[in-house]
>>> print(open('data32.cif').read())   # mmCIF, C-alpha atoms
data_my_file
#
loop_
_atom_site.label_atom_id
_atom_site.label_comp_id
_atom_site.auth_asym_id
_atom_site.auth_seq_id
_atom_site.Cartn_x
_atom_site.Cartn_y
_atom_site.Cartn_z
CA MET A 15 16.91 -79.00 -22.42
CA VAL A 16 17.18 -75.65 -24.22
CA PHE A 17 15.44 -72.59 -22.78
CA ASN A 18 14.52 -69.65 -24.92
CA LYS A 19 15.66 -66.60 -22.89
CA LYS A 20 14.65 -64.03 -25.53
CA GLY A 21 11.61 -62.85 -23.54
CA GLN A 22 13.60 -62.34 -20.37
CA ILE A 23 16.19 -60.25 -22.21
CA ARG A 24 13.44 -58.10 -23.72
CA MET A 25 12.02 -57.54 -20.22
CA LEU A 26 15.47 -56.62 -18.96
CA GLU A 27 15.87 -54.15 -21.82
CA ALA A 28 12.50 -52.57 -21.09
CA PHE A 29 13.35 -52.31 -17.39
CA LEU A 30 16.67 -50.66 -18.22
CA ALA A 31 14.90 -48.25 -20.56
CA VAL A 32 12.44 -47.22 -17.85
CA LEU A 33 15.32 -46.78 -15.43
CA VAL A 34 17.14 -44.54 -17.91
CA ILE A 35 14.00 -42.43 -18.48
CA LEU A 36 13.36 -41.99 -14.78
CA SER A 37 16.93 -41.09 -13.93
CA THR A 38 17.10 -38.63 -16.81
CA SER A 39 13.82 -37.04 -15.75
CA VAL A 40 15.09 -36.57 -12.22
CA PHE A 41 18.30 -35.15 -13.63
CA SER A 42 16.46 -32.70 -15.91
CA ILE A 43 14.25 -31.45 -13.04
CA THR A 44 17.36 -30.83 -10.95
CA LEU A 45 18.96 -28.91 -13.79
CA SER A 46 15.89 -26.80 -14.52
CA PRO A 47 16.15 -23.10 -13.51
CA THR A 48 13.34 -23.34 -10.96
CA THR A 49 15.65 -22.43 -8.10
CA ASN A 50 16.75 -19.21 -9.76
CA SER A 51 13.15 -18.28 -10.62
CA ASP A 52 12.09 -18.95 -7.05
CA ASN A 53 14.83 -16.69 -5.74
CA GLU A 54 13.87 -13.93 -8.15
CA LYS A 55 10.21 -14.31 -7.23
CA LEU A 56 11.09 -14.22 -3.54
CA LEU A 57 13.17 -11.08 -3.95
CA ALA A 58 10.48 -9.34 -6.04
CA THR A 59 7.78 -10.21 -3.50
CA LEU A 60 10.03 -9.14 -0.63
CA GLY A 61 10.78 -5.82 -2.32
CA MET A 62 7.11 -5.05 -2.95
CA GLN A 63 6.15 -6.03 0.60
CA VAL A 64 8.85 -3.81 2.10
CA LEU A 65 7.72 -0.81 0.03
CA MET A 66 4.02 -1.42 0.69
CA GLU A 67 4.65 -1.79 4.42
CA LEU A 68 6.59 1.46 4.42
CA ASP A 69 3.91 3.20 2.36
CA ASN A 70 0.93 1.75 4.22
CA ASN A 71 0.33 4.79 6.41
CA GLY A 72 1.99 7.28 4.07
CA THR A 73 5.43 7.14 5.71
CA LEU A 74 7.34 6.50 2.49
CA GLY A 75 5.73 9.45 0.70
CA ASN A 76 6.37 11.73 3.69
CA PHE A 77 10.05 10.75 3.84
CA ILE A 78 10.41 11.49 0.13
CA ASP A 79 8.52 14.79 0.45
CA GLU A 80 11.00 15.77 3.18
CA ARG A 81 13.93 14.41 1.11
CA ASN A 82 14.83 12.43 4.20
CA TRP A 83 16.96 9.76 2.50
CA THR A 84 18.53 8.70 5.80
CA ALA A 85 15.11 7.73 7.11
CA VAL A 86 14.31 5.84 3.88
CA ARG A 87 17.59 3.93 4.17
CA ALA A 88 17.08 3.16 7.87
CA SER A 89 13.48 1.98 7.34
CA ILE A 90 14.39 -0.31 4.45
CA GLU A 91 17.30 -1.80 6.36
CA ILE A 92 14.98 -2.56 9.29
CA LEU A 93 12.43 -4.27 7.04
CA LEU A 94 14.84 -6.25 4.85
CA PRO A 95 16.31 -9.49 6.18
CA THR A 96 20.05 -9.87 6.52
CA GLY A 97 21.81 -11.29 3.50
CA VAL A 98 19.96 -9.07 1.06
CA SER A 99 21.69 -6.15 -0.61
CA TYR A 100 19.67 -3.28 -2.05
CA ASN A 101 19.76 -0.01 -3.91
CA VAL A 102 16.94 2.55 -4.05
CA THR A 103 16.40 5.21 -6.68
CA VAL A 104 13.55 7.71 -6.39
CA TYR A 105 12.10 9.51 -9.41
CA ASP A 106 9.57 12.32 -9.49
CA ASP A 107 6.52 12.37 -11.79
CA THR A 108 8.67 13.59 -14.69
CA MET A 109 11.07 10.67 -14.15
CA ASN A 110 13.93 12.81 -12.86
CA GLN A 111 16.00 11.18 -10.15
CA ILE A 112 15.52 13.15 -6.94
CA ASN A 113 17.59 11.30 -4.36
CA ASP A 114 20.87 13.18 -4.24
CA SER A 115 22.52 10.69 -1.92
CA ILE A 116 22.96 6.96 -2.34
CA ILE A 117 20.33 4.81 -0.65
CA SER A 118 22.06 1.46 -0.64
CA ASN A 119 24.00 -1.04 1.42
CA GLY A 120 26.22 -1.87 -1.57
CA LEU A 121 24.22 -3.82 -4.10
CA LYS A 122 26.01 -7.06 -4.92
CA GLY A 123 24.90 -10.49 -5.97
CA GLN A 124 24.73 -12.74 -9.00
CA LYS A 125 21.11 -12.03 -9.80
CA ILE A 126 19.65 -8.56 -9.28
CA VAL A 127 15.87 -8.10 -9.18
CA SER A 128 14.29 -4.71 -9.76
CA VAL A 129 10.92 -3.67 -8.32
CA GLU A 130 9.16 -0.45 -9.29
CA TYR A 131 6.64 1.05 -6.89
CA LEU A 132 4.24 3.92 -7.53
CA CYS A 133 3.99 6.16 -4.51
CA ALA A 134 1.64 9.06 -3.82
CA SER A 135 2.44 11.27 -0.87
CA GLN A 136 -0.32 11.76 1.67
CA SER A 137 0.41 15.43 2.27
CA SER A 138 -2.06 18.22 1.52
CA GLU A 139 0.01 18.99 -1.59
CA VAL A 140 -0.01 15.63 -3.31
CA HIS A 141 3.17 14.46 -5.10
CA PHE A 142 3.81 11.31 -7.10
CA TYR A 143 7.00 9.28 -7.11
CA LEU A 144 8.39 6.15 -8.71
CA VAL A 145 10.55 4.18 -6.31
CA ARG A 146 12.90 1.65 -7.90
CA LEU A 147 14.20 -0.93 -5.45
CA GLN A 148 16.93 -3.28 -6.66
CA LEU A 149 17.60 -6.36 -4.58
CA ALA A 150 20.06 -9.26 -4.60
CA PHE A 151 20.98 -12.10 -2.30
CA VAL A 152 24.52 -11.67 -1.02
CA ARG A 153 26.43 -14.91 -1.67
CA MET B 8 29.78 -68.66 -34.94
CA SER B 9 26.25 -67.35 -34.70
CA ARG B 10 25.29 -63.81 -35.65
CA ARG B 11 22.73 -62.08 -33.53
CA ASN B 12 20.24 -59.70 -35.01
CA ASN B 13 20.37 -56.48 -32.85
CA SER B 14 18.18 -54.28 -35.03
CA GLY B 15 15.21 -54.59 -32.61
CA GLN B 16 17.26 -53.41 -29.67
CA ALA B 17 18.73 -50.48 -31.63
CA LEU B 18 15.26 -49.41 -32.67
CA LEU B 19 14.05 -49.65 -29.07
CA LEU B 20 17.00 -47.58 -27.88
CA GLY B 21 16.32 -44.96 -30.54
CA VAL B 22 12.69 -44.71 -29.54
CA LEU B 23 13.66 -44.42 -25.90
CA LEU B 24 16.12 -41.66 -26.64
CA ILE B 25 13.52 -39.66 -28.54
CA ALA B 26 10.97 -40.18 -25.75
CA LEU B 27 13.59 -39.10 -23.28
CA LEU B 28 14.31 -35.89 -25.16
CA LEU B 29 10.63 -35.09 -25.49
CA LEU B 30 10.03 -35.74 -21.82
CA SER B 31 12.96 -33.60 -20.74
CA VAL B 32 11.87 -30.67 -22.90
CA GLU B 33 8.30 -31.01 -21.65
CA LEU B 34 9.38 -31.03 -18.02
CA TYR B 35 11.63 -28.03 -18.59
CA VAL B 36 8.89 -25.99 -20.27
CA TYR B 37 6.39 -27.00 -17.58
CA GLU B 38 8.63 -25.96 -14.70
CA VAL B 39 9.65 -22.65 -16.26
CA GLY B 40 6.05 -21.85 -17.21
CA LYS B 41 4.82 -22.64 -13.72
CA ALA B 42 7.38 -20.34 -12.13
CA ILE B 43 6.57 -17.46 -14.48
CA ASP B 44 2.80 -17.85 -13.94
CA THR B 45 3.15 -17.71 -10.17
CA ALA B 46 5.53 -14.75 -10.32
CA ASN B 47 3.20 -12.83 -12.64
CA SER B 48 0.17 -13.59 -10.51
CA ASN B 49 1.91 -12.22 -7.40
CA SER B 50 3.26 -9.22 -9.30
CA PHE B 51 -0.19 -8.31 -10.62
CA SER B 52 -1.84 -8.46 -7.22
CA ASP B 53 1.00 -6.47 -5.64
CA SER B 54 0.76 -3.91 -8.41
CA ILE B 55 -3.00 -3.56 -7.97
CA PHE B 56 -2.60 -3.24 -4.21
CA ALA B 57 0.06 -0.53 -4.67
CA VAL B 58 -2.21 1.48 -6.98
CA ARG B 59 -5.09 1.16 -4.50
CA LEU B 60 -2.83 2.35 -1.69
CA GLY B 61 -1.69 5.29 -3.81
CA SER B 62 -5.30 6.18 -4.62
CA ARG B 63 -6.09 6.22 -0.93
CA HIS B 64 -3.15 8.51 -0.20
CA VAL B 65 -4.30 10.89 -2.94
CA VAL B 66 -7.83 11.02 -1.50
CA ILE B 67 -6.49 11.60 2.03
CA GLY B 68 -4.04 14.29 0.89
CA SER B 69 -6.74 16.03 -1.15
CA LEU B 70 -9.18 15.98 1.76
CA ALA B 71 -6.47 17.41 4.05
CA ASN B 72 -5.94 20.20 1.54
CA ILE B 73 -9.66 20.92 1.10
CA SER B 74 -10.40 20.80 4.84
CA GLN B 75 -7.71 23.46 5.30
CA GLY B 76 -9.37 25.79 2.79
CA GLY B 77 -8.53 24.29 -0.62
CA ALA B 78 -11.09 24.11 -3.42
CA ASN B 79 -13.35 21.04 -3.64
CA GLN B 80 -12.15 20.48 -7.22
CA ASN B 81 -8.66 19.65 -5.92
CA LEU B 82 -9.76 16.07 -5.29
CA GLU B 83 -10.70 15.56 -8.91
CA LEU B 84 -7.59 17.35 -10.19
CA ASN B 85 -5.28 15.29 -7.98
CA LEU B 86 -6.98 12.05 -8.99
CA GLU B 87 -6.62 12.96 -12.67
CA SER B 88 -2.90 13.52 -12.15
CA TRP B 89 -2.60 10.21 -10.29
CA SER B 90 -4.52 8.38 -13.01
CA SER B 91 -2.24 9.86 -15.66
CA PHE B 92 0.89 8.96 -13.66
CA VAL B 93 -0.30 5.37 -13.17
CA GLY B 94 -1.10 5.09 -16.89
CA LYS B 95 2.51 5.84 -17.82
CA GLN B 96 3.92 2.84 -15.92
CA TYR B 97 4.37 -0.48 -17.69
CA GLN B 98 6.31 -2.75 -15.36
CA PHE B 99 3.51 -5.29 -15.03
CA GLY B 100 1.62 -4.30 -18.16
CA LYS B 101 -0.47 -1.27 -18.94
CA HIS B 102 -2.53 0.27 -16.15
CA ILE B 103 -5.71 2.15 -16.96
CA LEU B 104 -7.15 3.89 -13.90
CA ASN B 105 -10.53 5.57 -14.13
CA PHE B 106 -12.41 7.22 -11.31
CA THR B 107 -15.62 9.04 -10.45
CA VAL B 108 -16.06 11.27 -7.45
CA ARG B 109 -19.31 10.92 -5.54
CA GLU B 110 -21.97 13.48 -6.29
CA ALA B 111 -24.84 11.98 -4.30
CA SER B 112 -25.88 14.01 -1.25
CA PRO B 113 -24.22 14.92 1.10
CA TYR B 114 -21.19 14.80 -1.21
CA SER B 115 -20.31 17.43 -3.77
CA SER B 116 -17.36 16.81 -6.10
CA GLY B 117 -16.59 13.84 -3.85
CA ILE B 118 -16.29 16.02 -0.74
CA TRP B 119 -18.51 16.18 2.33
CA ILE B 120 -17.67 18.90 4.81
CA SER B 121 -20.22 19.57 7.51
CA TRP B 122 -19.03 21.50 10.50
CA GLY B 123 -22.22 22.04 12.43
CA THR B 124 -23.31 23.81 15.58
CA ASN B 125 -24.95 20.71 16.99
CA GLY B 126 -21.75 19.25 18.36
CA SER B 127 -20.90 17.23 15.27
CA GLY B 128 -18.41 17.84 12.46
CA VAL B 129 -17.53 15.72 9.44
CA SER B 130 -14.79 15.99 6.80
CA GLY B 131 -15.14 13.27 4.20
CA ALA B 132 -14.17 12.28 0.67
CA TYR B 133 -15.49 9.49 -1.55
CA ALA B 134 -14.37 8.24 -4.96
CA ASN B 135 -14.97 5.09 -6.99
CA PHE B 136 -12.17 3.58 -9.08
CA THR B 137 -11.85 1.11 -11.92
CA LEU B 138 -8.38 -0.26 -12.52
CA LYS B 139 -7.69 -2.23 -15.69
CA LEU B 140 -4.37 -4.06 -16.00
CA LEU B 141 -3.46 -5.24 -19.49
CA ASP B 142 -0.61 -7.56 -20.38
CA ARG B 143 -0.02 -10.13 -23.13
CA GLY B 144 -3.15 -12.28 -23.02
CA ILE B 145 -4.10 -10.97 -19.59
CA GLU B 146 -6.77 -8.47 -18.61
CA ILE B 147 -7.53 -7.81 -14.98
CA ASN B 148 -10.35 -5.50 -13.92
CA GLN B 149 -10.59 -4.26 -10.39
CA THR B 150 -13.18 -1.89 -8.98
CA TYR B 151 -12.86 -0.32 -5.58
CA ALA B 152 -14.10 2.64 -3.57
CA ILE B 153 -12.11 4.89 -1.28
CA ASN B 154 -14.07 6.47 1.53
CA VAL B 155 -12.16 8.69 3.94
CA THR B 156 -14.07 10.27 6.81
CA THR B 157 -12.92 12.15 9.88
CA THR B 158 -15.70 12.73 12.39
CA LEU B 159 -15.64 14.91 15.50
CA SER B 160 -18.34 14.96 18.13
CA ILE B 161 -18.26 17.22 21.18
CA GLN B 162 -20.32 17.67 24.30
CA GLY B 163 -20.02 20.66 26.60
CA SER B 164 -21.28 21.66 30.03
CA TYR B 165 -20.63 24.55 32.41
CA SER B 166 -21.24 25.53 35.98
CA VAL B 167 -21.34 29.05 37.41
CA ILE B 168 -18.58 29.60 39.96
CA GLY B 169 -19.60 33.15 40.79
CA GLY B 170 -20.81 36.21 38.88
CA ASN B 171 -19.89 35.73 35.21
CA THR B 172 -17.14 33.23 36.02
CA LYS B 173 -17.89 29.81 34.68
CA GLN B 174 -16.19 26.43 34.77
CA VAL B 175 -16.51 24.89 31.29
CA ASN B 176 -15.96 21.20 30.52
CA VAL B 177 -15.77 19.87 26.96
CA THR B 178 -15.44 16.27 25.85
CA SER B 179 -14.53 15.47 22.25
CA ASN B 180 -14.39 12.21 20.34
CA LEU B 181 -12.44 11.85 17.12
CA LEU B 182 -13.06 9.04 14.61
CA ASN B 183 -11.37 8.00 11.37
CA GLU B 184 -13.71 5.89 9.22
CA GLY B 185 -15.76 5.20 12.35
CA ALA B 186 -12.80 4.01 14.42
CA PRO B 187 -11.24 5.98 17.29
CA ALA B 188 -8.36 8.15 16.11
CA LEU B 189 -5.74 10.38 17.65
CA ALA B 190 -5.48 14.12 17.08
CA LYS B 191 -2.32 15.86 15.91
CA ASN B 192 -3.62 19.27 16.98
CA LEU B 193 -6.63 20.15 19.06
CA THR B 194 -7.72 23.68 19.88
CA VAL B 195 -10.76 24.69 21.90
CA TYR B 196 -12.37 28.14 21.65
CA TYR B 197 -15.13 29.79 23.67
CA ASN B 198 -17.37 32.59 22.53
CA ASN B 199 -17.28 35.80 24.53
CA SER B 200 -19.31 38.69 23.08
CA SER B 201 -18.87 37.40 19.51
CA ASP B 202 -15.11 36.92 19.97
CA TRP B 203 -13.73 33.42 19.79
CA ILE B 204 -11.05 33.09 22.46
CA VAL B 205 -8.56 30.29 23.06
CA PRO B 206 -8.34 29.54 26.80
CA GLY B 207 -4.82 29.54 28.18
CA SER B 208 -3.00 28.94 31.44
CA GLN B 209 -4.69 32.03 32.93
CA ASN B 210 -7.94 30.11 32.48
CA ASN B 211 -6.60 27.01 34.28
CA TYR B 212 -6.92 25.23 30.97
CA THR B 213 -6.29 21.50 31.19
CA ILE B 214 -6.62 18.74 28.63
CA ILE B 215 -6.72 15.02 29.26
CA ASP B 216 -5.92 12.65 26.40
CA TYR B 217 -7.46 9.25 27.06
CA GLY B 218 -5.49 7.74 24.16
CA ASN B 219 -8.56 6.38 22.43
CA GLY B 220 -9.67 9.45 20.51
CA THR B 221 -11.41 10.94 23.55
CA TYR B 222 -10.17 14.26 24.93
CA PHE B 223 -11.46 16.10 27.98
CA MET B 224 -10.84 19.85 28.19
CA SER B 225 -11.61 22.09 31.14
CA PHE B 226 -11.17 25.82 31.75
CA ILE B 227 -12.51 28.76 33.74
CA ALA B 228 -13.59 31.96 31.97
CA ASP B 229 -15.63 35.09 32.45
CA ILE B 230 -18.56 34.70 30.09
CA PRO B 231 -21.47 37.12 30.65
CA SER B 232 -23.89 35.23 28.41
CA GLU B 233 -25.90 32.26 29.59
CA ASN B 234 -25.30 30.68 26.18
CA VAL B 235 -21.81 29.30 26.56
CA GLU B 236 -20.68 28.35 23.05
CA VAL B 237 -17.53 26.37 22.47
CA SER B 238 -15.82 25.34 19.27
CA VAL B 239 -13.25 22.56 18.87
CA HIS B 240 -10.87 22.47 15.90
CA VAL B 241 -8.96 19.24 15.33
CA SER B 242 -6.40 17.99 12.84
CA ASP B 243 -6.03 14.23 12.84
CA LEU B 244 -2.76 12.39 12.19
CA ARG B 245 -3.51 12.57 8.43
CA ASP B 246 -3.72 16.38 8.63
CA ILE B 247 -7.44 16.33 7.91
CA THR B 248 -9.10 19.21 9.73
CA VAL B 249 -12.55 19.05 11.26
CA GLN B 250 -14.37 21.33 13.64
CA ALA B 251 -17.59 21.31 15.63
CA ASN B 252 -19.47 23.84 17.72
CA VAL B 253 -21.84 23.28 20.59
CA THR B 254 -23.77 25.29 23.14
CA CYS B 255 -22.91 24.01 26.59
CA THR B 256 -25.57 22.96 28.99
CA GLU B 257 -25.59 24.25 32.55
CA THR B 258 -25.10 21.70 35.25
#
>>> encode(input="data32.cif", output="structure tokens")
Amino acid sequence: MVFNKKGQIRMLEAFLAVLVILSTSVFSITLSPTTNSDNEKLLATLGMQVLMELDNNGTLGNFIDERNWTAVRASIEILLPTGVSYNVTVYDDTMNQINDSIISNGLKGQKIVSVEYLCASQSSEVHFYLVRLQLAFVR
Amino acid sequence: MSRRNNSGQALLLGVLLIALLLLSVELYVYEVGKAIDTANSNSFSDSIFAVRLGSRHVVIGSLANISQGGANQNLELNLESWSSFVGKQYQFGKHILNFTVREASPYSSGIWISWGTNGSGVSGAYANFTLKLLDRGIEINQTYAINVTTTLSIQGSYSVIGGNTKQVNVTSNLLNEGAPALAKNLTVYYNNSSDWIVPGSQNNYTIIDYGNGTYFMSFIADIPSENVEVSVHVSDLRDITVQANVTCTET
């Protein structure tokens, strides 16, 4: 008795094809740059939250008014988690850099994210500043 | 020897390969697009929040300035400068910040300063804002109002110790936007023959800070008049100054 196995082979081929598609899809998702984007997003959100927290009651603007860069550095280091390196640059309303000392813990990392924050001081003589916070995960 | 026809399988493999490529590209674009959308959404809301916070600081700083003797127009001038500064930043798109200061009574040029003789004093500022954030294919409109008010209310009483010597007690309550607030500086004065005098240690001056915006002051002074007038001048932690006067009641 002769059996025609053509149909079974076709089914096997189709099954293999589906298997190849699925495995390739999983592979492509793994290779996609989602992880990097997530890290960048996390750093950007973290940077904004740190600056907003510091500026919430006008502290950031007061420190800058007083040119108290030590206090800015200390506050940011308290608010940032360990494993994150940072660098802060402060500009006045004419975009001149005004911090004359480095506010940083040694920025290093593969991917550096930059956050720009507009700050108005809460003093009776109002001043405006642009605070640029660069962040990176230390590997 | 039989020859098999494999053209069907080759065609199937080709189709699968093309489908595979399409699927991979689609997945890649989807994932990247999703990440960018979420990041942008967060960035926009953070950016809007930062501008709102800055606007609030400008209103508070301007009110501090005006309550210490600055011109009422300083609020508008400072807000114009802030609006211009915000408009020059493009990190998350173009910001357009417009504002109007409140002119409805009791405000004038966005400022309400009422330091009365009925035991109540108010220093307030009010401005409405419209923030427009423009980016490629995105337009976000946000309207908000900033209302900053420092209120002081005082009550005073006195008792005659002997002759013109009187024991004066003053209680003051300080509020920021209706909530209890602490004072940075508090000075009490009493009126003696049209001179406003600050009681000192020679007057057994004492002050009790209850920590909830309530302060109790007590002193002894020679005041010939039966109308014992006291005035309390306060700066809150935001440097906004407010004062109130009251005629003490005899107990």
>>> resolve_selection(input="data32.cif", expression="the PyMOL selection byres ((chain B and resi 175) around 6)", output="MDAnalysis selection string")
chainID B and resid 164:165 174 176 225:226
>>> write_last_selection(input="data32.cif", atoms="C-alpha atoms", output="PDB file, keeping the file's coordinate frame")
ATOM      1  CA  SER B 164     -21.280  21.660  30.030  1.00  0.00           C
ATOM      2  CA  TYR B 165     -20.630  24.550  32.410  1.00  0.00           C
ATOM      3  CA  GLN B 174     -16.190  26.430  34.770  1.00  0.00           C
ATOM      4  CA  ASN B 176     -15.960  21.200  30.520  1.00  0.00           C
ATOM      5  CA  SER B 225     -11.610  22.090  31.140  1.00  0.00           C
ATOM      6  CA  PHE B 226     -11.170  25.820  31.750  1.00  0.00           C
TER       7      PHE B 226
END
>>> resolve_selection(input="data32.cif", expression="the PyMOL selection byres ((chain B and resi 78-80) around 8)", output="count of residues only")
11
>>> residues_around(input="data32.cif", residues="Leu193 in chain B", least_positions_apart="3", cutoff="7 Å", atoms="all atoms listed in the file", output="PDB file with C-alpha atoms, in the coordinates of the input")
ATOM      1  CA  ALA B 190      -5.480  14.120  17.080  1.00  0.00           C
ATOM      2  CA  HIS B 240     -10.870  22.470  15.900  1.00  0.00           C
ATOM      3  CA  VAL B 241      -8.960  19.240  15.330  1.00  0.00           C
ATOM      4  CA  SER B 242      -6.400  17.990  12.840  1.00  0.00           C
TER       5      SER B 242
END
>>> residues_near_point(input="data32.cif", point="(15.9, -6.3, 1.6)", cutoff="9 Å", atoms="only C-alpha atoms", output="list in words")
Leu57, Leu60, Gly61, Val64, Ile90, Glu91, Ile92, Leu93, Leu94, Pro95, Thr96, Gly97, Val98, Ser99, Tyr100, Gln148, Leu149, Ala150 and Phe151 of chain A
>>> resolve_selection(input="data32.cif", expression="the PyMOL selection byres ((chain B and resi 199) around 9)", output="PyMOL selection string")
chain B and resi 197-198+200-204+229-232+235-236
>>> interface_residues(input="data32.cif", of="chain B", to="chain A", cutoff="7 Å", atoms="only C-alpha atoms", output="list in words")
Leu23, Leu27, Ser31, Leu34, Tyr35, Glu38, Val39, Ala42, Ala46, Asp53, Ala57, Val58, Gly61, His64, Val65, Ile67, Gly68, Ser69, Ala71, Asn72 and Phe92 of chain B
>>> atom_distance(input="data32.cif", atom1="CA of Val104 in chain A", atom2="CA of Val145 in chain A")
4.6 Å
>>> atom_distance(input="data32.cif", atom1="CA of Asn192 in chain B", atom2="CA of Asn125 in chain B")
21.4 Å
>>> build_atoms(input="data32.cif", residues="range 150-171 of chain B", atoms="N, CA and C atoms", output="mmCIF file, in the frame of the given file")
data_model
loop_
_atom_site.group_PDB
_atom_site.id
_atom_site.type_symbol
_atom_site.label_atom_id
_atom_site.label_comp_id
_atom_site.auth_asym_id
_atom_site.auth_seq_id
_atom_site.Cartn_x
_atom_site.Cartn_y
_atom_site.Cartn_z
ATOM 1 N N THR B 150 -12.451 -3.098 -9.376
ATOM 2 C CA THR B 150 -13.180 -1.890 -8.980
ATOM 3 C C THR B 150 -13.091 -1.750 -7.469
ATOM 4 N N TYR B 151 -12.930 -0.553 -7.021
ATOM 5 C CA TYR B 151 -12.860 -0.320 -5.580
ATOM 6 C C TYR B 151 -13.292 1.108 -5.274
ATOM 7 N N ALA B 152 -13.679 1.306 -4.024
ATOM 8 C CA ALA B 152 -14.100 2.640 -3.570
ATOM 9 C C ALA B 152 -13.204 3.070 -2.424
ATOM 10 N N ILE B 153 -12.882 4.347 -2.407
ATOM 11 C CA ILE B 153 -12.110 4.890 -1.280
ATOM 12 C C ILE B 153 -12.997 5.891 -0.551
ATOM 13 N N ASN B 154 -13.231 5.616 0.706
ATOM 14 C CA ASN B 154 -14.070 6.470 1.530
ATOM 15 C C ASN B 154 -13.259 6.893 2.751
ATOM 16 N N VAL B 155 -12.960 8.163 2.826
ATOM 17 C CA VAL B 155 -12.160 8.690 3.940
ATOM 18 C C VAL B 155 -13.033 9.664 4.721
ATOM 19 N N THR B 156 -13.202 9.405 6.003
ATOM 20 C CA THR B 156 -14.070 10.270 6.810
ATOM 21 C C THR B 156 -13.446 10.523 8.186
ATOM 22 N N THR B 157 -13.345 11.777 8.524
ATOM 23 C CA THR B 157 -12.920 12.150 9.880
ATOM 24 C C THR B 157 -14.115 12.811 10.558
ATOM 25 N N THR B 158 -14.504 12.248 11.682
ATOM 26 C CA THR B 158 -15.700 12.730 12.390
ATOM 27 C C THR B 158 -15.309 13.229 13.783
ATOM 28 N N LEU B 159 -15.875 14.358 14.147
ATOM 29 C CA LEU B 159 -15.640 14.910 15.500
ATOM 30 C C LEU B 159 -16.987 15.129 16.164
ATOM 31 N N SER B 160 -17.120 14.650 17.375
ATOM 32 C CA SER B 160 -18.340 14.960 18.130
ATOM 33 C C SER B 160 -17.926 15.524 19.489
ATOM 34 N N ILE B 161 -18.615 16.586 19.897
ATOM 35 C CA ILE B 161 -18.260 17.220 21.180
ATOM 36 C C ILE B 161 -19.505 17.415 22.041
ATOM 37 N N GLN B 162 -19.271 17.353 23.333
ATOM 38 C CA GLN B 162 -20.320 17.670 24.300
ATOM 39 C C GLN B 162 -19.725 18.681 25.293
ATOM 40 N N GLY B 163 -20.526 19.642 25.674
ATOM 41 C CA GLY B 163 -20.020 20.660 26.600
ATOM 42 C C GLY B 163 -20.990 20.942 27.732
ATOM 43 N N SER B 164 -20.437 21.287 28.885
ATOM 44 C CA SER B 164 -21.280 21.660 30.030
ATOM 45 C C SER B 164 -20.541 22.747 30.813
ATOM 46 N N TYR B 165 -21.292 23.531 31.588
ATOM 47 C CA TYR B 165 -20.630 24.550 32.410
ATOM 48 C C TYR B 165 -21.359 24.678 33.741
ATOM 49 N N SER B 166 -20.632 25.226 34.695
ATOM 50 C CA SER B 166 -21.240 25.530 35.980
ATOM 51 C C SER B 166 -20.778 26.933 36.399
ATOM 52 N N VAL B 167 -21.666 27.678 37.004
ATOM 53 C CA VAL B 167 -21.340 29.050 37.410
ATOM 54 C C VAL B 167 -20.576 28.983 38.733
ATOM 55 N N ILE B 168 -19.396 29.580 38.733
ATOM 56 C CA ILE B 168 -18.580 29.600 39.960
ATOM 57 C C ILE B 168 -18.973 30.817 40.805
ATOM 58 N N GLY B 169 -19.219 31.920 40.099
ATOM 59 C CA GLY B 169 -19.600 33.150 40.790
ATOM 60 C C GLY B 169 -19.627 34.296 39.795
ATOM 61 N N GLY B 170 -20.683 35.109 39.833
ATOM 62 C CA GLY B 170 -20.810 36.210 38.880
ATOM 63 C C GLY B 170 -20.847 35.667 37.456
ATOM 64 N N ASN B 171 -19.966 36.216 36.594
ATOM 65 C CA ASN B 171 -19.890 35.730 35.210
ATOM 66 C C ASN B 171 -18.867 34.595 35.044
#
